[in-house]
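Dumped model-v7.cif below, it's mmCIF, C-alpha atoms and all ligand atoms:
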data_structure
loop_
_atom_site.label_atom_id
_atom_site.label_comp_id
_atom_site.auth_asym_id
_atom_site.auth_seq_id
_atom_site.Cartn_x
_atom_site.Cartn_y
_atom_site.Cartn_z
CA MET A 1 88.34 65.00 37.15
CA ALA A 2 85.07 66.95 36.94
CA ALA A 3 83.58 67.87 40.31
CA HIS A 4 80.56 65.80 41.24
CA HIS A 5 77.60 68.08 41.84
CA ALA A 6 74.92 67.11 44.30
CA PRO A 7 71.40 67.15 42.86
CA THR A 8 69.96 70.64 43.10
CA MET A 9 66.29 69.81 43.38
CA ALA A 10 64.97 69.93 46.91
CA VAL A 11 62.75 67.09 48.02
CA PRO A 12 59.19 68.16 47.11
CA THR A 13 56.84 69.03 49.93
CA ASP A 14 53.87 66.82 50.81
CA ALA A 15 51.52 69.24 49.07
CA GLN A 16 53.69 69.27 45.94
CA LEU A 17 53.85 65.46 45.87
CA ILE A 18 50.07 65.13 46.16
CA GLN A 19 49.62 67.67 43.33
CA ALA A 20 52.32 65.93 41.27
CA GLN A 21 50.59 62.59 41.61
CA ALA A 22 47.27 64.11 40.54
CA ASP A 23 49.00 65.68 37.54
CA LEU A 24 50.65 62.37 36.71
CA TRP A 25 47.26 60.64 36.57
CA ARG A 26 45.94 63.47 34.41
CA HIS A 27 48.85 63.27 31.96
CA SER A 28 48.75 59.47 31.82
CA LEU A 29 45.03 59.32 31.12
CA CYS A 30 44.44 62.40 28.99
CA TYR A 31 44.41 60.20 25.85
CA PHE A 32 40.84 59.40 26.86
CA THR A 33 39.80 62.81 25.49
CA PRO A 34 40.61 62.08 21.83
CA MET A 35 39.26 58.56 22.32
CA ALA A 36 35.96 60.01 23.59
CA LEU A 37 35.94 62.38 20.63
CA ARG A 38 36.48 59.46 18.23
CA CYS A 39 33.72 57.50 19.98
CA ALA A 40 31.34 60.49 19.67
CA VAL A 41 32.09 60.83 15.96
CA GLN A 42 31.71 57.12 15.29
CA LEU A 43 28.40 57.00 17.17
CA GLY A 44 27.23 60.14 15.34
CA ILE A 45 26.56 62.14 18.53
CA PRO A 46 27.11 65.65 17.04
CA THR A 47 24.84 64.82 14.08
CA ALA A 48 22.17 63.40 16.40
CA ILE A 49 22.20 66.52 18.62
CA HIS A 50 21.98 68.72 15.53
CA ARG A 51 19.00 66.73 14.18
CA LEU A 52 17.31 66.91 17.59
CA GLY A 53 17.31 70.70 17.29
CA GLY A 54 20.69 71.51 18.84
CA THR A 55 20.00 70.21 22.36
CA ALA A 56 19.57 66.64 23.58
CA SER A 57 19.17 64.78 26.85
CA LEU A 58 20.89 61.47 27.49
CA SER A 59 17.68 59.54 26.86
CA ASP A 60 17.13 61.47 23.59
CA LEU A 61 20.62 60.44 22.51
CA VAL A 62 20.24 56.80 23.53
CA ALA A 63 17.03 56.60 21.47
CA ALA A 64 18.35 58.56 18.47
CA LEU A 65 21.53 56.47 18.30
CA SER A 66 19.67 53.17 18.94
CA LEU A 67 21.96 52.34 21.86
CA PRO A 68 21.01 49.76 24.51
CA PRO A 69 19.47 51.67 27.48
CA SER A 70 21.87 49.78 29.79
CA LYS A 71 24.69 51.93 28.30
CA THR A 72 23.10 55.21 29.45
CA PRO A 73 25.36 55.71 32.51
CA TYR A 74 28.46 55.08 30.37
CA LEU A 75 27.29 57.50 27.70
CA SER A 76 26.87 60.02 30.52
CA ARG A 77 30.59 59.62 31.38
CA ILE A 78 31.66 60.13 27.76
CA MET A 79 29.45 63.22 27.50
CA ARG A 80 30.88 64.62 30.75
CA LEU A 81 34.40 64.22 29.41
CA LEU A 82 33.40 65.91 26.14
CA VAL A 83 31.89 68.80 28.10
CA THR A 84 34.93 69.29 30.36
CA SER A 85 37.23 69.17 27.34
CA GLY A 86 35.25 71.86 25.51
CA VAL A 87 33.80 69.69 22.73
CA MET A 88 30.15 69.96 23.88
CA ALA A 89 28.25 72.33 26.16
CA SER A 90 25.92 71.45 29.02
CA HIS A 91 23.97 74.20 30.75
CA GLU A 92 21.68 71.78 32.57
CA GLU A 93 22.59 68.43 34.17
CA GLY A 94 22.26 65.65 31.57
CA VAL A 95 21.37 67.97 28.66
CA TYR A 96 23.91 68.61 25.94
CA SER A 97 24.33 71.07 23.10
CA LEU A 98 26.84 71.68 20.33
CA LEU A 99 29.74 74.12 20.41
CA PRO A 100 31.48 75.42 17.26
CA LEU A 101 33.95 72.53 17.54
CA SER A 102 31.25 69.82 17.64
CA TYR A 103 29.29 71.68 14.94
CA LEU A 104 32.24 70.89 12.63
CA LEU A 105 31.54 67.19 13.27
CA VAL A 106 27.94 67.23 12.06
CA ASP A 107 27.43 65.20 8.89
CA GLY A 108 26.85 67.26 5.76
CA ILE A 109 27.21 70.73 7.31
CA SER A 110 28.29 73.38 4.88
CA ILE A 111 30.19 76.64 5.47
CA ASP A 112 31.37 77.93 2.08
CA GLY A 113 31.06 74.30 0.88
CA GLU A 114 31.45 70.95 2.68
CA ALA A 115 32.84 71.71 6.14
CA SER A 116 32.61 68.49 8.17
CA GLN A 117 35.94 67.74 9.83
CA VAL A 118 35.04 64.18 10.86
CA ALA A 119 37.87 62.68 8.78
CA ILE A 120 40.46 64.67 10.75
CA VAL A 121 39.32 63.08 14.01
CA LEU A 122 39.19 59.60 12.47
CA ALA A 123 42.63 59.91 10.86
CA ALA A 124 44.37 61.49 13.86
CA THR A 125 42.99 58.90 16.28
CA SER A 126 43.46 55.94 13.95
CA ARG A 127 45.30 52.76 14.85
CA HIS A 128 48.20 53.68 12.55
CA TYR A 129 48.79 57.05 14.21
CA LEU A 130 48.51 55.58 17.70
CA GLU A 131 50.88 52.72 16.90
CA ALA A 132 53.43 55.20 15.54
CA ALA A 133 53.19 57.17 18.80
CA LEU A 134 53.56 53.99 20.86
CA GLY A 135 56.79 53.23 18.98
CA LEU A 136 58.42 56.56 19.83
CA SER A 137 60.90 55.35 22.46
CA ASP A 138 62.07 52.47 20.20
CA TRP A 139 62.49 54.99 17.37
CA PHE A 140 64.73 57.18 19.55
CA LYS A 141 66.96 54.21 20.47
CA LYS A 142 67.54 53.10 16.87
CA ASP A 143 70.76 54.45 15.39
CA VAL A 144 70.16 54.46 11.64
CA ALA A 145 71.92 56.32 8.87
CA PRO A 146 70.10 59.31 7.36
CA PRO A 147 67.60 59.81 5.87
CA LEU A 148 65.89 58.98 9.15
CA PRO A 149 62.45 57.46 8.70
CA ALA A 150 59.75 59.32 10.63
CA PRO A 151 58.30 57.27 13.53
CA PHE A 152 55.20 56.52 11.41
CA GLU A 153 57.32 55.09 8.58
CA ASP A 154 59.57 53.24 11.02
CA VAL A 155 56.63 51.37 12.56
CA HIS A 156 54.52 50.81 9.44
CA GLY A 157 57.05 50.78 6.60
CA ALA A 158 54.80 53.29 4.84
CA THR A 159 54.57 57.07 4.60
CA ILE A 160 51.42 59.14 5.10
CA LEU A 161 49.92 60.52 1.86
CA GLU A 162 52.18 58.37 -0.34
CA GLU A 163 51.65 55.28 -2.47
CA SER A 164 53.17 53.05 0.24
CA MET A 165 50.31 54.01 2.58
CA ALA A 166 47.70 53.10 -0.03
CA LEU A 167 49.35 49.69 -0.40
CA LEU A 168 49.56 49.16 3.38
CA ASP A 169 45.93 50.00 4.12
CA PRO A 170 43.72 51.48 1.38
CA GLU A 171 40.91 52.34 3.81
CA SER A 172 43.20 54.32 6.14
CA ASP A 173 44.86 55.98 3.16
CA LYS A 174 41.39 57.12 2.03
CA VAL A 175 40.56 58.54 5.48
CA ILE A 176 43.91 60.39 5.64
CA HIS A 177 43.27 61.95 2.21
CA GLU A 178 39.75 62.89 3.29
CA ALA A 179 41.24 64.51 6.41
CA VAL A 180 43.67 66.56 4.31
CA ALA A 181 40.82 67.61 1.98
CA ALA A 182 38.60 68.53 4.96
CA HIS A 183 41.42 70.64 6.37
CA ASP A 184 42.13 72.23 3.00
CA ASN A 185 38.50 72.94 2.14
CA MET A 186 37.79 75.01 5.24
CA GLY A 187 38.86 78.58 5.71
CA ILE A 188 39.25 79.82 2.16
CA GLY A 189 35.84 81.57 2.33
CA THR A 190 37.05 83.49 5.39
CA ILE A 191 40.38 84.30 3.73
CA LEU A 192 38.60 85.62 0.64
CA ARG A 193 36.29 87.78 2.77
CA GLU A 194 38.86 89.01 5.29
CA CYS A 195 41.95 89.27 3.08
CA HIS A 196 40.25 90.30 -0.16
CA ASP A 197 43.02 92.79 -1.00
CA LEU A 198 45.65 90.05 -1.10
CA PHE A 199 44.30 88.92 -4.46
CA LYS A 200 43.78 92.38 -5.98
CA GLY A 201 45.76 92.98 -9.18
CA LEU A 202 46.78 89.33 -9.40
CA GLU A 203 46.46 87.76 -12.83
CA SER A 204 47.94 84.32 -12.24
CA LEU A 205 48.48 82.09 -9.21
CA THR A 206 49.84 78.60 -8.53
CA ASP A 207 48.39 76.79 -5.54
CA CYS A 208 51.36 74.66 -4.61
CA CYS A 209 50.28 71.37 -2.99
CA GLY A 210 46.74 72.46 -3.76
CA GLY A 211 45.18 69.03 -3.22
CA ASP A 212 41.85 68.50 -4.97
CA GLY A 213 41.72 72.16 -6.11
CA THR A 214 38.87 73.28 -3.83
CA THR A 215 40.85 76.32 -2.65
CA ALA A 216 41.86 77.30 -6.18
CA ARG A 217 38.28 76.94 -7.49
CA ALA A 218 37.01 79.19 -4.68
CA ILE A 219 39.64 81.82 -5.59
CA VAL A 220 38.70 81.70 -9.28
CA GLN A 221 35.02 81.95 -8.41
CA ALA A 222 35.71 85.12 -6.38
CA PHE A 223 38.25 86.53 -8.86
CA PRO A 224 37.35 85.07 -12.29
CA HIS A 225 40.18 86.93 -14.05
CA ILE A 226 42.90 85.04 -12.09
CA LYS A 227 44.41 82.15 -14.04
CA CYS A 228 44.94 79.48 -11.42
CA HIS A 229 47.16 76.38 -11.53
CA VAL A 230 46.91 73.59 -8.97
CA LEU A 231 50.12 71.64 -8.45
CA ASP A 232 50.08 68.36 -6.54
CA LEU A 233 51.45 64.84 -6.71
CA PRO A 234 50.18 62.74 -9.67
CA LYS A 235 48.05 60.41 -7.53
CA VAL A 236 46.24 63.42 -5.99
CA ILE A 237 45.73 65.18 -9.32
CA GLU A 238 44.37 61.96 -10.85
CA ARG A 239 41.54 61.93 -8.28
CA ALA A 240 40.82 65.68 -8.37
CA PRO A 241 37.33 66.60 -9.59
CA ARG A 242 37.80 68.49 -12.87
CA GLY A 243 34.45 70.35 -12.52
CA ASP A 244 33.99 73.32 -14.83
CA GLY A 245 37.63 73.45 -15.97
CA SER A 246 38.13 76.84 -14.28
CA VAL A 247 41.54 75.81 -12.92
CA ASN A 248 44.51 74.13 -14.57
CA TYR A 249 45.64 70.93 -12.80
CA VAL A 250 49.33 70.05 -12.97
CA ALA A 251 50.68 66.72 -11.73
CA GLY A 252 54.24 67.05 -10.48
CA ASP A 253 56.67 67.60 -7.66
CA LEU A 254 57.22 71.08 -6.23
CA PHE A 255 60.89 70.27 -5.66
CA HIS A 256 61.35 69.78 -9.42
CA SER A 257 59.13 72.34 -11.09
CA ILE A 258 56.39 74.83 -10.21
CA PRO A 259 54.01 76.16 -12.91
CA ALA A 260 54.95 79.77 -13.63
CA ALA A 261 52.62 82.40 -12.16
CA GLN A 262 52.72 85.89 -10.64
CA ALA A 263 52.26 84.40 -7.18
CA VAL A 264 52.71 81.01 -5.56
CA MET A 265 50.49 80.01 -2.68
CA LEU A 266 51.70 77.52 -0.07
CA LYS A 267 48.82 77.00 2.29
CA ASP A 268 49.31 74.39 4.95
CA LYS A 269 48.84 74.05 8.66
CA TYR A 270 50.72 70.80 9.16
CA TRP A 271 53.52 70.51 6.63
CA LYS A 272 55.20 67.09 6.69
CA PRO A 273 58.74 67.32 8.12
CA ASN A 274 60.21 65.47 5.11
CA CYS A 275 58.65 67.89 2.56
C1 LIG B 1 48.87 68.74 4.17
S1 LIG B 1 48.48 68.75 2.53
C2 LIG B 1 47.50 70.12 2.15
C3 LIG B 1 47.89 71.34 1.78
C4 LIG B 1 46.74 72.24 1.42
N1 LIG B 1 47.21 73.24 0.54
C5 LIG B 1 46.08 72.82 2.68
O1 LIG B 1 45.96 74.01 2.80
O2 LIG B 1 45.64 72.10 3.57
C6 LIG B 1 49.80 68.60 1.65
C7 LIG B 1 49.58 68.35 0.16
O3 LIG B 1 50.86 68.43 -0.38
C8 LIG B 1 50.95 67.47 -1.42
N2 LIG B 1 52.38 67.21 -1.63
C9 LIG B 1 53.24 66.55 -0.80
N3 LIG B 1 54.48 66.51 -1.34
C10 LIG B 1 54.41 67.20 -2.52
C11 LIG B 1 55.37 67.49 -3.54
N4 LIG B 1 56.63 67.11 -3.43
N5 LIG B 1 54.97 68.19 -4.63
C12 LIG B 1 53.68 68.59 -4.75
N6 LIG B 1 52.71 68.32 -3.83
C13 LIG B 1 53.08 67.63 -2.72
C14 LIG B 1 50.18 66.29 -0.89
O4 LIG B 1 49.81 65.39 -1.93
C15 LIG B 1 48.99 66.99 -0.24
O5 LIG B 1 47.92 67.16 -1.15
#
Mind turning this structure into structure tokens?
Ligand SMILES: C[S@@+](CC[C@H](N)C(=O)[O-])C[C@H]1O[C@@H](n2cnc3c(N)ncnc32)[C@H](O)[C@@H]1O
Amino acid sequence: MAAHHAPTMAVPTDAQLIQAQADLWRHSLCYFTPMALRCAVQLGIPTAIHRLGGTASLSDLVAALSLPPSKTPYLSRIMRLLVTSGVMASHEEGVYSLLPLSYLLVDGISIDGEASQVAIVLAATSRHYLEAALGLSDWFKKDVAPPLPAPFEDVHGATILEESMALLDPESDKVIHEAVAAHDNMGIGTILRECHDLFKGLESLTDCCGGDGTTARAIVQAFPHIKCHVLDLPKVIERAPRGDGSVNYVAGDLFHSIPAAQAVMLKDKYWKPNC
């Protein structure tokens, strides 16, 4: 019979227990940060601060956002949370300014094209994402035969970015696609400036999972001699803006066929586990 080992952890000290309890509160409540961020985006706080010249007091914000003055103390709490979490800056009590992060949440801002990342916040903090996270322990307990549905699919019976999601909730599906496009559309200007040599000598390129083709169009604009294909799922290619016809759109599945080219680009920061 295996020897029974006594637990090895010593009883925490009083100081450790007090710290642990504080940390427990922090971990249990830290979801307020993304909720405050969502609230700020939905109220239009970054856009209001930008329109007020980059700095705004609480009363400026209450007036600009047409909020009831009775909510001023509560807005102050949200702003304090946004400041401590690094979303906004405050160099003077009750006066707020934008940081690069909150600048990305200003309506209509452009850095090498449309740069607002509002859709990412709205998608990532949406009811569907939160419900999937709340179902995590149930998901672990279920013993199902492979292929295992991801927790999102298990709870909603639909998969992000696929037709099933559009059928479940067309509005959320739209926001998720906007979030992917917002993610995709930012950064290519920097890549083209900083990694210019990567594209030198290239005559053809396939942007695999290239979404609406914004990245490929930027590459062709910088290097007009490169023949660029954009491969994505049919429902994404159907919606893609055709523009000036500078890139060739191909509807398909990368696991079946990839348009031939000298180089294939796979650019993604959050690849789905089932891809
Ligand atoms: C997270 S996104 C964006 C990737 C984008 N290149 C970027 O840099 O952000 C993934 C893209 O992959 C596409 N996709 C998913 N599965 C695919 C498949 N089997 N074949 C082709 N495209 C696929 C989706 O439609 C979506 O546009």
Polymer residues at most 8 Å from segment 216-232 of chain A, only C-alpha atoms, same-chain spacing of 6 or more positions, as a PDB file with C-alpha atoms, in the frame of the given file:
ATOM      1  CA  ILE A 188      39.250  79.820   2.160  1.00  0.00           C
ATOM      2  CA  GLY A 189      35.840  81.570   2.330  1.00  0.00           C
ATOM      3  CA  LEU A 192      38.600  85.620   0.640  1.00  0.00           C
ATOM      4  CA  PHE A 199      44.300  88.920  -4.460  1.00  0.00           C
ATOM      5  CA  LEU A 202      46.780  89.330  -9.400  1.00  0.00           C
ATOM      6  CA  GLU A 203      46.460  87.760 -12.830  1.00  0.00           C
ATOM      7  CA  SER A 204      47.940  84.320 -12.240  1.00  0.00           C
ATOM      8  CA  LEU A 205      48.480  82.090  -9.210  1.00  0.00           C
ATOM      9  CA  THR A 206      49.840  78.600  -8.530  1.00  0.00           C
ATOM     10  CA  ASP A 207      48.390  76.790  -5.540  1.00  0.00           C
ATOM     11  CA  CYS A 208      51.360  74.660  -4.610  1.00  0.00           C
ATOM     12  CA  CYS A 209      50.280  71.370  -2.990  1.00  0.00           C
ATOM     13  CA  GLY A 210      46.740  72.460  -3.760  1.00  0.00           C
ATOM     14  CA  SER A 246      38.130  76.840 -14.280  1.00  0.00           C
ATOM     15  CA  VAL A 247      41.540  75.810 -12.920  1.00  0.00           C
ATOM     16  CA  ASN A 248      44.510  74.130 -14.570  1.00  0.00           C
ATOM     17  CA  TYR A 249      45.640  70.930 -12.800  1.00  0.00           C
ATOM     18  CA  VAL A 250      49.330  70.050 -12.970  1.00  0.00           C
ATOM     19  CA  ALA A 251      50.680  66.720 -11.730  1.00  0.00           C
ATOM     20  CA  GLY A 252      54.240  67.050 -10.480  1.00  0.00           C
ATOM     21  CA  ASP A 253      56.670  67.600  -7.660  1.00  0.00           C
ATOM     22  CA  LEU A 254      57.220  71.080  -6.230  1.00  0.00           C
ATOM     23  CA  ILE A 258      56.390  74.830 -10.210  1.00  0.00           C
ATOM     24  CA  PRO A 259      54.010  76.160 -12.910  1.00  0.00           C
TER      25      PRO A 259
END
For the atom pair atom CA of Asp60 of chain A and atom CA of Arg38 of chain A, what is the interatomic distance in Å to one decimal place? 20.2 Å
Write as a PyMOL selection string the residues around ligand LIG 1 (chain B), taking 10 Å as the cut-off and counting all atoms listed in the file. chain A and resi 160-162+176-177+179-188+207-216+230-237+250-258+265-272+274-275
Nearby residues (only C-alpha atoms) at most 12 Å from Leu130 of chain A, same-chain spacing under 3 positions excluded, as an MDAnalysis selection string: chainID A and resid 31 34:35 122:127 133:136 151:152 155:156
Pairwise distance for atom CA of Met79 of chain A and atom CA of Glu114 of chain A, rounded to one decimal in Å: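 About the pair atom CA of Met79 of chain A and atom CA of Glu114 of chain A: they are 26.1 Å apart.
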Can you find the residues with an atom no farther than 12 Å from (23.3, 53.9, 24.5), counting only C-alpha atoms, and report them as number ranges by chain? A: 39-40, 43-45, 57-79
Write the selection just made, keeping C-alpha atoms, as a short mmCIF file (atom, residue, chain, number, x, y, z; two decimals), in the coordinates of the input?
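Once written, part-v4.cif looks like this:
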data_model
loop_
_atom_site.label_atom_id
_atom_site.label_comp_id
_atom_site.auth_asym_id
_atom_site.auth_seq_id
_atom_site.Cartn_x
_atom_site.Cartn_y
_atom_site.Cartn_z
CA CYS A 39 33.72 57.50 19.98
CA ALA A 40 31.34 60.49 19.67
CA LEU A 43 28.40 57.00 17.17
CA GLY A 44 27.23 60.14 15.34
CA ILE A 45 26.56 62.14 18.53
CA SER A 57 19.17 64.78 26.85
CA LEU A 58 20.89 61.47 27.49
CA SER A 59 17.68 59.54 26.86
CA ASP A 60 17.13 61.47 23.59
CA LEU A 61 20.62 60.44 22.51
CA VAL A 62 20.24 56.80 23.53
CA ALA A 63 17.03 56.60 21.47
CA ALA A 64 18.35 58.56 18.47
CA LEU A 65 21.53 56.47 18.30
CA SER A 66 19.67 53.17 18.94
CA LEU A 67 21.96 52.34 21.86
CA PRO A 68 21.01 49.76 24.51
CA PRO A 69 19.47 51.67 27.48
CA SER A 70 21.87 49.78 29.79
CA LYS A 71 24.69 51.93 28.30
CA THR A 72 23.10 55.21 29.45
CA PRO A 73 25.36 55.71 32.51
CA TYR A 74 28.46 55.08 30.37
CA LEU A 75 27.29 57.50 27.70
CA SER A 76 26.87 60.02 30.52
CA ARG A 77 30.59 59.62 31.38
CA ILE A 78 31.66 60.13 27.76
CA MET A 79 29.45 63.22 27.50
#
Pick from A:Ala145, A:Val83, A:Leu99, A:Val175 nearest to His128 of chain A, counting all atoms listed in the file: A:Val175
Can you work out the spacing between atom CA of Glu178 of chain A and atom CA of Val87 of chain A in Å, to one decimal?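 Taking atom CA of Glu178 of chain A and atom CA of Val87 of chain A, their separation equals 21.4 Å.
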Using all atoms listed in the file, can you tell me which of A:Ile120, A:Met165, A:Glu194, A:Thr55 comes closest to Tyr96 of chain A?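 Closest to Tyr96 of chain A, using all atoms listed in the file: A:Thr55.
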Identify which of the residues A:Pro46, A:Asp143, A:Glu163, A:Leu82 lies closest to Ser116 of chain A, counting all atoms listed in the file when measuring atom-to-atom distances. A:Pro46
Please determine an axis-aligned box that encloses all atoms of segment 71-89 of chain A listed in the file, with 3 Å added on each side, and express its centre and edge lengths in Å to one decimal as lines of an AutoDock Vina configuration file.
center_x = 30.2
center_y = 62.1
center_z = 27.6
size_x = 20.1
size_y = 26.4
size_z = 15.8
Between A:Thr84, A:Thr47, A:Thr190, A:Ser110, which has the minimum distance to Leu98 of chain A (counting only C-alpha atoms)?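 Among A:Thr84, A:Thr47, A:Thr190, A:Ser110, it is A:Thr47 that comes nearest to Leu98 of chain A.
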Once you count only C-alpha atoms, which residues end up no further than 7 Å from (23.7, 67.5, 11.8) in the file's frame, shown as a PyMOL selection string? chain A and resi 46-48+50-51+106-109
Atoms kept (C-alpha atoms) for selection, written as a JSON list (two decimals), in the frame of the given file:
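As a result, result34.json now contains:
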[["chain", "number", "residue", "atom", "x", "y", "z"],
["A", 46, "PRO", "CA", 27.11, 65.65, 17.04],
["A", 47, "THR", "CA", 24.84, 64.82, 14.08],
["A", 48, "ALA", "CA", 22.17, 63.40, 16.40],
["A", 50, "HIS", "CA", 21.98, 68.72, 15.53],
["A", 51, "ARG", "CA", 19.00, 66.73, 14.18],
["A", 106, "VAL", "CA", 27.94, 67.23, 12.06],
["A", 107, "ASP", "CA", 27.43, 65.20, 8.89],
["A", 108, "GLY", "CA", 26.85, 67.26, 5.76],
["A", 109, "ILE", "CA", 27.21, 70.73, 7.31]]
